[in-house]
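> My structure is in work-v9.csv, and what it holds is CSV, C-alpha atoms:
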```
chain,number,residue,atom,x,y,z
G,1084,MET,CA,-33.4,-0.9,23.0
G,1085,GLY,CA,-34.2,0.3,19.6
G,1086,PRO,CA,-35.0,-2.1,16.7
G,1087,ILE,CA,-31.4,-1.6,15.4
G,1088,ASN,CA,-30.0,-2.8,18.6
G,1089,VAL,CA,-31.9,-6.0,18.4
G,1090,ILE,CA,-30.5,-6.5,14.9
G,1091,ILE,CA,-26.9,-5.8,16.2
G,1092,VAL,CA,-27.4,-8.4,19.0
G,1093,VAL,CA,-28.8,-11.0,16.6
G,1094,VAL,CA,-26.0,-10.4,14.0
G,1095,THR,CA,-23.4,-10.7,16.7
G,1096,ILE,CA,-24.8,-14.0,17.8
G,1097,ILE,CA,-24.8,-15.3,14.2
G,1098,GLU,CA,-21.3,-14.1,13.7
G,1099,SER,CA,-20.1,-15.8,16.9
G,1100,LEU,CA,-21.7,-19.1,15.8
G,1101,ARG,CA,-19.7,-18.7,12.5
G,1102,ALA,CA,-16.4,-18.3,14.4
G,1103,PHE,CA,-13.8,-20.7,13.1
G,1104,ASP,CA,-10.6,-19.1,11.7
G,1105,ILE,CA,-9.0,-17.9,14.9
G,1106,ALA,CA,-9.7,-21.0,17.0
G,1107,TYR,CA,-8.4,-23.2,14.2
G,1108,ILE,CA,-5.2,-21.2,13.7
G,1109,ILE,CA,-4.4,-21.1,17.4
G,1110,ASN,CA,-4.3,-24.8,18.0
G,1111,ARG,CA,-6.5,-26.6,15.5
G,1112,GLY,CA,-9.5,-26.2,17.8
G,1113,LYS,CA,-8.4,-28.5,20.5
G,1114,ASN,CA,-7.7,-28.3,24.3
G,1115,GLY,CA,-10.4,-26.0,25.3
G,1116,LEU,CA,-11.1,-24.3,21.9
G,1117,GLU,CA,-13.6,-26.9,20.7
G,1118,LEU,CA,-16.2,-24.8,18.9
G,1119,LEU,CA,-19.0,-26.6,17.1
G,1120,SER,CA,-17.5,-25.5,13.8
G,1121,THR,CA,-14.0,-26.8,14.6
G,1122,LEU,CA,-15.5,-30.0,15.9
G,1123,ILE,CA,-17.3,-30.6,12.7
G,1124,THR,CA,-14.1,-30.0,10.7
G,1125,ASN,CA,-11.9,-32.1,12.9
G,1126,ASN,CA,-14.3,-35.1,13.1
G,1127,SER,CA,-15.3,-35.4,9.5
G,1128,ILE,CA,-12.6,-34.1,7.3
G,1129,SER,CA,-9.2,-33.4,8.7
G,1130,GLU,CA,-7.9,-36.6,10.5
G,1131,ALA,CA,-10.6,-38.9,11.9
G,1132,SER,CA,-13.3,-40.2,9.5
G,1133,LEU,CA,-16.3,-40.0,11.9
G,1134,VAL,CA,-18.5,-38.5,9.1
G,1135,GLY,CA,-21.7,-39.4,10.8
G,1136,PHE,CA,-20.7,-37.9,14.1
G,1137,GLY,CA,-19.5,-34.7,12.4
G,1138,SER,CA,-22.8,-34.5,10.5
G,1139,ALA,CA,-24.8,-34.9,13.7
G,1140,ILE,CA,-22.8,-31.9,15.2
G,1141,ALA,CA,-23.5,-30.0,12.0
G,1142,VAL,CA,-27.3,-30.6,12.4
G,1143,VAL,CA,-27.1,-29.3,16.0
G,1144,LEU,CA,-25.2,-26.2,14.8
G,1145,LEU,CA,-27.8,-25.7,12.0
G,1146,VAL,CA,-30.7,-25.9,14.6
G,1147,ILE,CA,-29.0,-23.5,17.0
G,1148,SER,CA,-28.1,-21.0,14.2
G,1149,LEU,CA,-31.6,-21.1,12.7
G,1150,VAL,CA,-33.0,-19.3,15.8
G,1151,PRO,CA,-31.1,-16.0,15.4
G,1152,ILE,CA,-31.4,-16.3,11.6
G,1153,VAL,CA,-35.2,-16.5,11.7
G,1154,LEU,CA,-35.3,-13.6,14.2
G,1155,TYR,CA,-33.1,-11.5,11.9
G,1156,LEU,CA,-35.0,-12.3,8.8
G,1157,SER,CA,-38.4,-11.6,10.4
G,1158,ARG,CA,-37.1,-8.2,11.5
G,1159,VAL,CA,-35.5,-7.2,8.2
G,1160,MET,CA,-38.3,-8.5,6.0
G,1161,ARG,CA,-41.0,-6.8,8.1
G,1162,ASP,CA,-39.2,-3.5,7.5
G,1163,MET,CA,-39.0,-4.3,3.9
G,1164,THR,CA,-42.7,-5.0,3.3
G,1165,THR,CA,-44.0,-2.1,5.3
G,1166,THR,CA,-41.8,0.6,3.7
U,529,MET,CA,-10.5,15.1,21.3
U,530,ILE,CA,-12.2,16.8,24.2
U,531,VAL,CA,-8.9,17.3,26.0
U,532,ALA,CA,-7.3,19.0,23.0
U,533,ARG,CA,-9.9,21.7,23.0
U,534,PRO,CA,-8.4,24.9,24.6
U,535,ALA,CA,-11.5,26.5,26.2
U,536,PRO,CA,-14.6,24.3,26.4
U,537,ARG,CA,-17.6,26.5,26.2
U,538,ALA,CA,-19.9,24.1,28.0
U,539,ARG,CA,-18.9,22.0,31.0
U,540,VAL,CA,-17.8,18.6,29.9
U,541,ARG,CA,-20.4,16.2,31.1
U,542,PRO,CA,-19.2,13.1,33.0
U,543,GLY,CA,-21.3,10.8,30.7
U,544,ARG,CA,-19.4,12.1,27.7
U,545,LEU,CA,-16.1,11.8,29.4
U,546,ALA,CA,-16.9,8.2,30.3
U,547,LEU,CA,-17.9,7.5,26.7
U,548,HIS,CA,-14.6,8.8,25.4
U,549,ALA,CA,-12.6,7.0,28.0
U,550,PHE,CA,-14.4,3.8,27.0
U,551,LEU,CA,-13.7,4.5,23.3
U,552,VAL,CA,-10.0,5.1,23.9
U,553,VAL,CA,-9.7,1.9,25.9
U,554,MET,CA,-11.4,0.0,23.1
U,555,VAL,CA,-9.1,1.4,20.5
U,556,ALA,CA,-6.1,0.6,22.6
U,557,LEU,CA,-7.4,-3.0,23.1
U,558,TRP,CA,-8.0,-3.3,19.3
U,559,LEU,CA,-4.6,-1.9,18.3
U,560,PHE,CA,-2.6,-3.8,20.9
U,561,PRO,CA,-2.4,-7.2,19.0
U,562,LEU,CA,-1.7,-5.4,15.7
U,563,LEU,CA,1.1,-3.3,17.2
U,564,TRP,CA,2.5,-6.4,19.0
U,565,ALA,CA,2.5,-8.3,15.7
U,566,ILE,CA,4.5,-5.5,14.0
U,567,TYR,CA,6.9,-5.4,17.0
U,568,THR,CA,7.4,-9.2,16.9
U,569,ALA,CA,7.9,-9.2,13.1
U,570,LEU,CA,10.7,-6.7,13.4
U,571,ARG,CA,12.7,-8.7,16.0
U,572,PRO,CA,15.1,-11.5,14.9
U,573,LEU,CA,14.3,-15.0,16.1
U,574,SER,CA,17.5,-15.3,18.2
U,575,ASP,CA,16.4,-12.3,20.2
U,576,THR,CA,13.0,-13.8,21.1
U,577,VAL,CA,14.4,-17.2,21.8
U,578,LYS,CA,16.8,-15.8,24.3
U,579,ASN,CA,14.5,-13.2,26.0
U,580,GLY,CA,11.0,-14.4,25.3
U,581,TYR,CA,8.2,-12.4,23.5
U,582,PHE,CA,7.6,-10.2,26.5
U,583,SER,CA,10.8,-8.3,26.5
U,584,ILE,CA,12.6,-5.2,25.2
U,585,ALA,CA,14.1,-5.9,21.8
U,586,SER,CA,17.9,-5.6,21.6
U,587,SER,CA,17.8,-5.1,17.8
U,588,LEU,CA,15.1,-4.4,15.2
U,589,SER,CA,15.4,-5.3,11.5
U,590,LEU,CA,13.4,-6.0,8.4
U,591,GLY,CA,15.1,-9.4,8.0
U,592,ASN,CA,11.9,-11.4,8.8
U,593,PHE,CA,10.0,-9.6,6.0
U,594,THR,CA,12.6,-10.3,3.3
U,595,SER,CA,13.1,-13.9,4.4
U,596,VAL,CA,9.3,-14.7,4.5
U,597,TRP,CA,9.0,-13.0,1.1
U,598,ASP,CA,11.5,-15.4,-0.4
U,599,GLN,CA,11.1,-18.5,1.8
U,600,ALA,CA,7.3,-18.7,1.7
U,601,GLN,CA,7.1,-17.6,-1.9
U,602,LEU,CA,4.6,-14.8,-1.1
U,603,PRO,CA,4.4,-13.4,-4.6
U,604,TYR,CA,3.3,-16.7,-5.9
U,605,TYR,CA,0.5,-17.0,-3.3
U,606,TYR,CA,-0.6,-13.4,-3.9
U,607,LEU,CA,-1.1,-14.5,-7.5
U,608,ASN,CA,-3.1,-17.5,-6.4
U,609,THR,CA,-5.4,-15.2,-4.4
U,610,LEU,CA,-5.8,-12.9,-7.5
U,611,ILE,CA,-6.7,-15.9,-9.7
U,612,ILE,CA,-9.5,-16.8,-7.3
U,613,VAL,CA,-10.7,-13.3,-6.3
U,614,VAL,CA,-11.0,-11.5,-9.6
U,615,PRO,CA,-13.3,-14.0,-11.4
U,616,GLY,CA,-15.1,-14.6,-8.2
U,617,VAL,CA,-16.0,-10.9,-7.7
U,618,LEU,CA,-17.0,-10.5,-11.4
U,619,LEU,CA,-19.2,-13.6,-11.5
U,620,THR,CA,-20.8,-12.7,-8.2
U,621,LEU,CA,-21.7,-9.2,-9.4
U,622,LEU,CA,-23.1,-10.6,-12.7
U,623,VAL,CA,-25.3,-13.2,-11.1
U,624,SER,CA,-26.5,-11.2,-8.2
U,625,SER,CA,-27.3,-8.1,-10.3
U,626,MET,CA,-29.4,-10.3,-12.6
U,627,LEU,CA,-31.2,-11.8,-9.6
U,628,ALA,CA,-31.8,-8.5,-7.9
U,629,PHE,CA,-33.0,-7.0,-11.2
U,630,ALA,CA,-35.6,-9.8,-11.6
U,631,LEU,CA,-36.6,-9.7,-7.9
U,632,THR,CA,-37.2,-5.9,-7.8
U,633,GLN,CA,-38.3,-4.9,-11.3
U,634,PHE,CA,-40.9,-7.7,-11.9
U,635,SER,CA,-43.8,-8.9,-9.8
U,636,TRP,CA,-43.5,-12.5,-9.0
U,637,ARG,CA,-45.2,-14.5,-6.3
U,638,PHE,CA,-42.1,-15.8,-4.7
U,639,ASN,CA,-40.0,-12.6,-4.7
U,640,LEU,CA,-39.9,-12.3,-0.9
U,641,ILE,CA,-39.3,-16.0,-0.3
U,642,VAL,CA,-36.4,-16.1,-2.7
U,643,LEU,CA,-34.8,-13.1,-1.1
U,644,MET,CA,-35.3,-14.6,2.4
U,645,LEU,CA,-33.8,-17.9,1.2
U,646,PHE,CA,-30.7,-16.1,-0.2
U,647,THR,CA,-30.2,-14.1,3.0
U,648,ALA,CA,-30.7,-17.1,5.3
U,649,GLY,CA,-28.2,-19.2,3.3
U,650,ASN,CA,-25.6,-16.5,3.5
U,651,LEU,CA,-26.0,-16.2,7.3
U,652,LEU,CA,-25.6,-19.9,7.9
U,653,PRO,CA,-22.3,-21.0,9.3
U,654,PRO,CA,-20.4,-22.6,6.4
U,655,GLN,CA,-19.4,-25.5,8.5
U,656,VAL,CA,-23.0,-26.8,8.5
U,657,ILE,CA,-22.7,-27.7,4.8
U,658,ILE,CA,-19.1,-28.6,4.6
U,659,ILE,CA,-19.5,-32.4,4.8
U,660,PRO,CA,-21.9,-32.9,1.9
U,661,LEU,CA,-20.0,-30.2,0.0
U,662,TYR,CA,-16.7,-32.0,0.5
U,663,TRP,CA,-18.0,-35.3,-0.9
U,664,LEU,CA,-19.7,-33.5,-3.8
U,665,TYR,CA,-16.4,-31.8,-4.7
U,666,LEU,CA,-14.8,-35.2,-4.6
U,667,ASN,CA,-17.4,-36.8,-6.9
U,668,ILE,CA,-18.4,-34.1,-9.4
U,669,PRO,CA,-16.4,-34.7,-12.6
U,670,VAL,CA,-15.1,-31.6,-14.5
U,671,PRO,CA,-14.1,-32.9,-17.9
U,672,ILE,CA,-12.7,-29.6,-19.2
U,673,GLY,CA,-8.9,-29.8,-18.9
U,674,TRP,CA,-8.0,-26.1,-18.5
U,675,LEU,CA,-10.5,-25.6,-15.7
U,676,SER,CA,-9.4,-28.6,-13.7
U,677,ASP,CA,-6.3,-30.7,-14.1
U,678,ASN,CA,-7.5,-33.6,-12.0
U,679,GLY,CA,-11.0,-33.8,-13.4
U,680,LEU,CA,-12.7,-32.8,-10.2
U,681,LEU,CA,-13.9,-29.7,-8.4
U,682,TYR,CA,-11.8,-30.6,-5.4
U,683,ASP,CA,-8.3,-29.0,-5.1
U,684,GLN,CA,-8.9,-26.7,-8.1
U,685,TYR,CA,-9.2,-22.9,-8.5
U,686,ILE,CA,-12.5,-23.3,-10.2
U,687,GLY,CA,-14.0,-25.1,-7.1
U,688,ILE,CA,-13.0,-22.3,-4.7
U,689,ILE,CA,-14.2,-19.6,-7.2
U,690,LEU,CA,-17.6,-21.4,-7.4
U,691,ILE,CA,-18.1,-21.8,-3.7
U,692,HIS,CA,-17.3,-18.1,-3.2
U,693,VAL,CA,-19.7,-17.1,-5.9
U,694,VAL,CA,-22.5,-19.3,-4.5
U,695,PHE,CA,-21.9,-18.1,-0.9
U,696,GLN,CA,-21.6,-14.4,-1.6
U,697,THR,CA,-24.4,-14.2,-4.1
U,698,GLY,CA,-26.9,-14.2,-1.3
U,699,PHE,CA,-25.5,-11.2,0.4
U,700,ALA,CA,-24.8,-9.3,-2.8
U,701,THR,CA,-28.4,-10.0,-4.0
U,702,PHE,CA,-29.8,-8.7,-0.8
U,703,VAL,CA,-27.8,-5.5,-0.9
U,704,LEU,CA,-28.2,-4.9,-4.7
U,705,SER,CA,-32.0,-5.5,-4.4
U,706,ASN,CA,-32.1,-2.9,-1.6
U,707,TYR,CA,-30.5,-0.4,-4.0
U,708,MET,CA,-32.6,-1.4,-7.1
U,709,ARG,CA,-35.8,-1.0,-5.2
U,710,THR,CA,-35.1,2.8,-5.3
U,711,ILE,CA,-35.2,2.7,-9.1
U,712,THR,CA,-38.8,3.1,-10.3
U,713,ARG,CA,-40.4,0.3,-12.3
U,714,GLU,CA,-41.5,2.8,-14.9
U,715,ILE,CA,-38.0,2.8,-16.3
U,716,THR,CA,-38.2,-0.9,-16.9
U,717,GLU,CA,-41.7,-0.7,-18.2
U,718,SER,CA,-41.0,2.1,-20.7
U,719,ALA,CA,-37.9,0.2,-22.0
U,720,LEU,CA,-40.2,-2.9,-22.4
U,721,VAL,CA,-42.7,-0.8,-24.3
U,722,ASP,CA,-39.9,0.4,-26.6
U,723,GLY,CA,-39.2,-3.2,-27.5
U,724,ALA,CA,-36.1,-3.9,-25.5
U,725,HIS,CA,-35.4,-7.5,-24.4
U,726,VAL,CA,-35.3,-8.3,-20.7
U,727,LEU,CA,-31.5,-9.0,-20.9
U,728,ARG,CA,-31.0,-5.8,-22.8
U,729,ILE,CA,-32.9,-3.8,-20.1
U,730,TRP,CA,-30.7,-5.4,-17.4
U,731,TRP,CA,-27.5,-4.7,-19.2
U,732,SER,CA,-28.0,-1.2,-20.7
U,733,VAL,CA,-30.6,0.4,-18.5
U,734,ILE,CA,-30.4,-1.0,-14.9
U,735,LEU,CA,-26.7,-1.8,-14.6
U,736,PRO,CA,-25.5,1.8,-15.5
U,737,LEU,CA,-27.9,3.2,-12.9
U,738,CYS,CA,-26.5,0.8,-10.3
U,739,ARG,CA,-22.8,1.7,-10.9
U,740,PRO,CA,-22.2,3.2,-7.4
U,741,ALA,CA,-23.8,0.1,-5.7
U,742,LEU,CA,-21.8,-2.2,-7.9
U,743,ALA,CA,-18.5,-0.4,-7.0
U,744,ALA,CA,-19.4,-0.6,-3.3
U,745,MET,CA,-20.2,-4.3,-3.6
U,746,ALA,CA,-17.0,-5.0,-5.6
U,747,THR,CA,-14.8,-3.6,-2.8
U,748,LEU,CA,-16.8,-5.5,-0.1
U,749,LEU,CA,-16.7,-8.8,-2.0
U,750,PHE,CA,-13.0,-8.4,-2.7
U,751,THR,CA,-12.2,-8.2,1.1
U,752,PHE,CA,-14.6,-11.0,1.9
U,753,MET,CA,-13.1,-13.3,-0.6
U,754,TYR,CA,-9.5,-12.2,0.1
U,755,ASN,CA,-10.0,-12.9,3.9
U,756,ASP,CA,-11.5,-16.3,3.4
U,757,PHE,CA,-9.6,-19.1,5.2
U,758,PHE,CA,-12.1,-21.9,5.6
U,759,TRP,CA,-13.0,-22.9,2.0
U,760,ALA,CA,-9.4,-22.9,0.7
U,761,LEU,CA,-8.4,-24.9,3.8
U,762,ILE,CA,-10.9,-27.7,3.4
U,763,LEU,CA,-11.6,-27.8,-0.4
U,764,MET,CA,-7.9,-27.7,-1.4
U,765,LYS,CA,-5.3,-30.3,-0.6
U,766,SER,CA,-2.1,-29.3,-2.3
U,767,GLY,CA,-0.4,-26.3,-0.7
U,768,ASP,CA,0.8,-24.8,-4.0
U,769,LYS,CA,-2.8,-23.8,-5.1
U,770,ARG,CA,-3.9,-22.3,-1.9
U,771,PRO,CA,-4.5,-18.5,-1.6
U,772,ILE,CA,-2.3,-16.5,0.7
U,773,THR,CA,-4.5,-16.7,3.8
U,774,SER,CA,-4.4,-20.4,4.1
U,775,ALA,CA,-0.9,-20.7,2.7
U,776,LEU,CA,0.3,-18.8,5.7
U,777,ASN,CA,-0.9,-21.9,7.6
U,778,ASN,CA,2.0,-23.8,6.0
U,779,LEU,CA,4.5,-21.7,8.0
U,780,GLN,CA,3.3,-23.4,11.2
U,781,GLY,CA,5.5,-26.4,11.7
U,782,ALA,CA,4.4,-29.6,13.6
U,783,PHE,CA,6.9,-29.1,16.5
U,784,PHE,CA,8.3,-25.6,16.0
U,785,THR,CA,6.9,-22.4,14.7
U,786,ASN,CA,8.9,-19.3,14.0
U,787,TYR,CA,6.3,-16.8,15.2
U,788,ASN,CA,8.4,-13.9,14.1
U,789,LEU,CA,8.3,-15.2,10.5
U,790,VAL,CA,4.5,-15.9,10.8
U,791,ALA,CA,3.9,-12.4,12.1
U,792,ALA,CA,5.9,-10.9,9.2
U,793,GLY,CA,4.0,-13.0,6.7
U,794,ALA,CA,0.6,-12.2,8.1
U,795,LEU,CA,1.4,-8.5,8.1
U,796,LEU,CA,2.5,-8.7,4.4
U,797,ALA,CA,-0.7,-10.7,3.5
U,798,ALA,CA,-2.8,-8.0,5.1
U,799,ILE,CA,-1.5,-5.2,2.9
U,800,PRO,CA,-3.6,-5.6,-0.3
U,801,PRO,CA,-7.0,-5.3,1.4
U,802,ILE,CA,-5.7,-2.3,3.3
U,803,LEU,CA,-4.6,-0.7,0.0
U,804,VAL,CA,-7.9,-1.5,-1.6
U,805,TYR,CA,-9.7,0.0,1.4
U,806,ILE,CA,-7.6,3.2,1.3
U,807,ALA,CA,-8.1,3.6,-2.4
U,808,LEU,CA,-11.8,2.9,-2.4
U,809,GLN,CA,-12.7,4.1,1.0
U,810,LYS,CA,-15.6,6.2,-0.3
U,811,HIS,CA,-17.2,3.1,-1.9
U,812,PHE,CA,-16.4,0.9,1.0
U,813,VAL,CA,-18.3,3.0,3.6
U,814,ARG,CA,-21.2,3.4,1.2
U,815,GLY,CA,-21.3,-0.3,0.7
U,816,LEU,CA,-21.6,-0.9,4.4
U,817,ALA,CA,-24.4,1.7,4.6
U,818,LEU,CA,-26.2,0.0,1.7
U,819,GLY,CA,-26.1,-3.4,3.3
U,820,ALA,CA,-26.8,-2.1,6.8
U,821,THR,CA,-25.6,-5.4,8.2
U,822,LYS,CA,-23.2,-8.0,7.0
U,823,GLY,CA,-24.2,-11.6,7.6
```
Once you've parsed the file, please lay out its structure as structure tokens.

Amino acid sequence: MGPINVIIVVVTIIESLRAFDIAYIINRGKNGLELLSTLITNNSISEASLVGFGSAIAVVLLVISLVPIVLYLSRVMRDMTTT
Amino acid sequence: MIVARPAPRARVRPGRLALHAFLVVMVALWLFPLLWAIYTALRPLSDTVKNGYFSIASSLSLGNFTSVWDQAQLPYYYLNTLIIVVPGVLLTLLVSSMLAFALTQFSWRFNLIVLMLFTAGNLLPPQVIIIPLYWLYLNIPVPIGWLSDNGLLYDQYIGIILIHVVFQTGFATFVLSNYMRTITREITESALVDGAHVLRIWWSVILPLCRPALAAMATLLFTFMYNDFFWALILMKSGDKRPITSALNNLQGAFFTNYNLVAAGALLAAIPPILVYIALQKHFVRGLALGATKG
């Protein structure tokens, strides 16, 4: 595994955490397509007004996505400072 | 490709054969939904209602394309997208080139931290910030009439343009600063000695040097902003201001959806980015190479 492969894996993880469009278009993110991102949207904005519940899911998503983001940044910035 | 070669000089290694088989399978998998969408769009509704979507078409026509063009008012939504994308791209390039200029040409203690913050913000899922953003958009007053006809950022072109500029500036700054790092600081310093103002150096020295990077960025930003679905869906309420990607969502009814029509509309909506891609392919590939990775 070269360093570029690590970056590809990390970026793929980040992108999959960002997935929203396709799940939402198929069935509004219900019945088995409950991603964290669609749950946030459905709970806090679209129909229900469980803003606190939605915000809590958003914080969970933030914490989860910070792990690959920090990994990615430390890789990229290390290359940037050494070269 | 290997099969087409008449007389292979070296024996075809099994590893290479497996790789090409894998690639062909992946291409087929990738093309399958697209080809199916084209096939579905060409069939009239009555045909699919009778025989289902997994069947041989009895007749093919372009009727769905013409009816979706009129019925869903596609030209109007193309215009909406244009109203959002063109100022968005220009503003993003302006702001991010200023930022990248300051971050690469001048020594400042927080250069790296600012760059890291911008990149991190761009990588974050947009759903994380949507709840506070939604309420901000509902509460920020915009008193200027021609920018906002309801006095808010919510449900306005200006709001969508702003969120695009803010969200894409991180990525654009990252890429442009990678490019500007290759310009030596001596150029900036000698211009400074000659008495040029900082803004003047940015506009008439650095920007002309960055023209290839700016062109590459513009094509990338165009496709990112064009393909956006989420912001326009959440931050706009009225259907007649939405760009084409989220306006297609209106074609889905609550109880019945004419999928043939949706397929035709989606294919038509996909045409402008493809045209831009074909026209500016050289810049596009270079832009991907500049950024190395898109967050």
> Find the residues of chain U in contact range of chain G, meaning any atom within 9 Å when counting only C-alpha atoms, and list them as an NGL selection string.
:U and (640 or 644 or 647-648 or 651-660 or 662 or 706 or 756-758 or 762 or 777 or 821-823)
> Identify, on the basis of all atoms listed in the file, every residue whose closest approach to Thr785 in chain U does not exceed 12 Å; exclude the query and any residue fewer than 5 positions from it along the same chain; express the result as an NGL selection string.
(:G and (1109-1110)) or (:U and (573 or 577 or 776-780 or 790-791))
> Using the selection just defined, write its residues with C-alpha atoms as a PDB file, in the frame of the given file.

```pdb
ATOM      1  CA  ILE G1109      -4.400 -21.100  17.400  1.00  0.00           C
ATOM      2  CA  ASN G1110      -4.300 -24.800  18.000  1.00  0.00           C
TER       3      ASN G1110
ATOM      4  CA  LEU U 573      14.300 -15.000  16.100  1.00  0.00           C
ATOM      5  CA  VAL U 577      14.400 -17.200  21.800  1.00  0.00           C
ATOM      6  CA  LEU U 776       0.300 -18.800   5.700  1.00  0.00           C
ATOM      7  CA  ASN U 777      -0.900 -21.900   7.600  1.00  0.00           C
ATOM      8  CA  ASN U 778       2.000 -23.800   6.000  1.00  0.00           C
ATOM      9  CA  LEU U 779       4.500 -21.700   8.000  1.00  0.00           C
ATOM     10  CA  GLN U 780       3.300 -23.400  11.200  1.00  0.00           C
ATOM     11  CA  VAL U 790       4.500 -15.900  10.800  1.00  0.00           C
ATOM     12  CA  ALA U 791       3.900 -12.400  12.100  1.00  0.00           C
TER      13      ALA U 791
END
```
> Give me, as a list in words, all polymer residues having an atom no more than 9 Å from Leu675 in chain U, counting all atoms listed in the file and skipping those fewer than 3 positions away in the same chain.
Val670, Pro671, Ile672, Gly679, Gln684, Tyr685 and Ile686 of chain U
> Can you tell me, as a PDB file with C-alpha atoms, in the coordinates of the input, which residues sit within 6 Å of (-2.9, -18.3, -4.7) in the file's frame, using all atoms listed in the file?

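Ended up saving to point06.pdb:
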```pdb
ATOM      1  CA  TYR U 605       0.500 -17.000  -3.300  1.00  0.00           C
ATOM      2  CA  TYR U 606      -0.600 -13.400  -3.900  1.00  0.00           C
ATOM      3  CA  LEU U 607      -1.100 -14.500  -7.500  1.00  0.00           C
ATOM      4  CA  ASN U 608      -3.100 -17.500  -6.400  1.00  0.00           C
ATOM      5  CA  THR U 609      -5.400 -15.200  -4.400  1.00  0.00           C
ATOM      6  CA  LYS U 769      -2.800 -23.800  -5.100  1.00  0.00           C
ATOM      7  CA  ARG U 770      -3.900 -22.300  -1.900  1.00  0.00           C
ATOM      8  CA  PRO U 771      -4.500 -18.500  -1.600  1.00  0.00           C
ATOM      9  CA  ILE U 772      -2.300 -16.500   0.700  1.00  0.00           C
TER      10      ILE U 772
END
```
> Provide the CA of Leu748 in chain U to CA of Ala630 in chain U distance in Å, to one decimal place.
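Straight-line distance from CA of Leu748 in chain U to CA of Ala630 in chain U works out to 22.5 Å.
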> Can you measure CA of His692 in chain U to CA of Gly616 in chain U for me? One decimal in Å is fine.
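Distance between the two atoms: 6.5 Å.
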> CA of Leu761 in chain U and CA of Leu661 in chain U, how far apart in Å?
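Answer for the CA of Leu661 in chain U to CA of Leu761 in chain U separation: 13.3 Å.
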> Find the residue from U:Val617, U:Tyr707, U:Thr751, U:Asn678 that sits nearest to Leu690 in chain U; use all atoms listed in the file when measuring.
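Once distances to Leu690 in chain U are computed over all atoms listed in the file, the minimum belongs to U:Val617.
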> When you look at Ile689 in chain U with a cut-off of 12 Å (counting all atoms listed in the file), what residues show up, excluding the ones that are within fewer than 5 positions of it in the same chain? I need them as a PyMOL selection string.
chain U and resi 608-620+675+681-684+694-697+753-754+756+759-760+763-764+770-771
> Compare U:Ala546, U:Leu570, U:Leu735, U:Val540 by their minimum atom-to-atom distance to Gly793 in chain U, counting only C-alpha atoms, and give me the closest one.
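Smallest separation from Gly793 in chain U among the options: U:Leu570.
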> Residues at most 12 Å from Thr716 in chain U, counting all atoms listed in the file, excluding those fewer than 6 positions away in the same chain, as a list of chain:residue names?
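Contacts, with the query itself left out: U:Phe629, U:Ala630, U:Thr632, U:Gln633, U:Phe634, U:Met708, U:Arg709, U:Asp722, U:Gly723, U:Ala724, U:His725, U:Val726, U:Leu727, U:Arg728, U:Ile729, U:Trp730, U:Trp731, U:Ser732, U:Val733, U:Ile734, U:Leu735, U:Leu737.
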